[in-house]
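J.: Quick one: this structure, given as structure tokens, is what I'll be asking you about.
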Amino acid sequence: MNRLPLIIGAVIAVPMIVFLALALDINHDVIESPLIGKPAPGFVLDSFEGDSIELGELEGTPLVVNFWASYCQPCVYEHPLLTAAARDLTGSVNFVGVVPPEDTAEAVDRFTSRLGAWGPTYYDSDGRVSIAYGVGKLPETYFVDAAGTIQHKHAGPLDPQTLATALEKIL
């Protein structure tokens with residue numbers, strides 16, 4: 001019996017199995033942001049009501065920037081937590097929501113009418129702000145200190161412990 005094909009197959013298969021096993025151990029939901037420790041990318045955004053905001057207007061006060069959408073179920077999950085935090089930290093932290101180009105004024109209004117609003121929501125009409133922040137999926141939240149430096153990023157819905165830890169970094 002010729003063992004050469006068996007040996008060649010093992011030499012090829014074993015490294016592939018090891019590679020796949022190591023790849024399965026990686027949490028692909030956690031993507032470190034290169035923006036941590038750097039100034040938050042500037043933006044000028046409009047609300048659906050016609051108001052506009054510039055990031056520079058918010059300097060001097062810690063900021064939570066939450067990228068969300070009216071159709072996002074994890075956003076519904078984290079919404080009460082953000083509402084409570086915004087209420088408890090009024091005057092100490094600014095909370096700003098950013099919705100993507102595919103969202104609509106009507107859908108955002110239905111969402112906030114049903115669940116309440118935790119802060120002003122602005123429309124990223126061309127997606128440039130989401131790209132500048134490297135948003136990969138919704139919701140995604142950035143925590144910016146009073147000096148305008150991003151201290152923490154969280155991808156996915158916030159939980160109470162994560163929110164408390166991230167807020168400590170900017171207060």
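Quick note on naming: the chains in the structure tokens go A, B, ... in the order shown, residues restart at 1 in each chain, and ligands are numbered from 1 in order of appearance.
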Tell me which protein, DNA and RNA residues are within 10 Å of segment 148-150 of chain A, counting only C-alpha atoms, leaving out same-chain ones fewer than 5 positions away, and put them as a PyMOL selection string.
T.: chain A and resi 33-42+55-56+58-64+142-143+169-170
J.: What does the distance from atom CA of Ala84 of chain A to atom CA of Glu140 of chain A come to in Å, to one decimal?
T.: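 Atom CA of Glu140 of chain A lies 17.8 Å from atom CA of Ala84 of chain A.
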J.: Determine which residues of chain A receive a DSSP assignment of alpha helix (DSSP H), computed from the backbone, and state them as a VMD selection string.
T.: chain A and resid 4 to 24 73 to 88 105 to 115 128 to 133 160 to 170
J.: What does the distance from atom CA of Asp51 of chain A to atom CA of His79 of chain A come to in Å, to one decimal?
T.: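 Separation of atom CA of Asp51 of chain A and atom CA of His79 of chain A: 22.4 Å.
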J.: If you count only C-alpha atoms, which residues fall within 12 Å of Val96 of chain A, apart from same-chain ones fewer than 4 positions away, as a list of chain:residue names?
T.: A:Leu45, A:Asp46, A:Ser47, A:Ser52, A:Ile53, A:Glu54, A:Leu55, A:Leu58, A:Pro62, A:Leu63, A:Val64, A:Val65, A:Asn66, A:Phe67, A:Trp68, A:Leu82, A:Thr83, A:Ala86, A:Ala117, A:Trp118, A:Gly119, A:Pro120, A:Thr121, A:Tyr122, A:Tyr123, A:Thr141, A:Tyr142, A:Phe143, A:Val144
J.: To one decimal in Å, tell me the separation between atom CA of Asp109 of chain A and atom CA of Ser70 of chain A.
T.: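 Computing it gives 8.7 Å between the two atoms.
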J.: Just checking: using only C-alpha atoms, which residue out of A:Val44, A:Ile17, A:Cys72, A:Leu167 ends up closest to Phe95 of chain A?
T.: A:Leu167
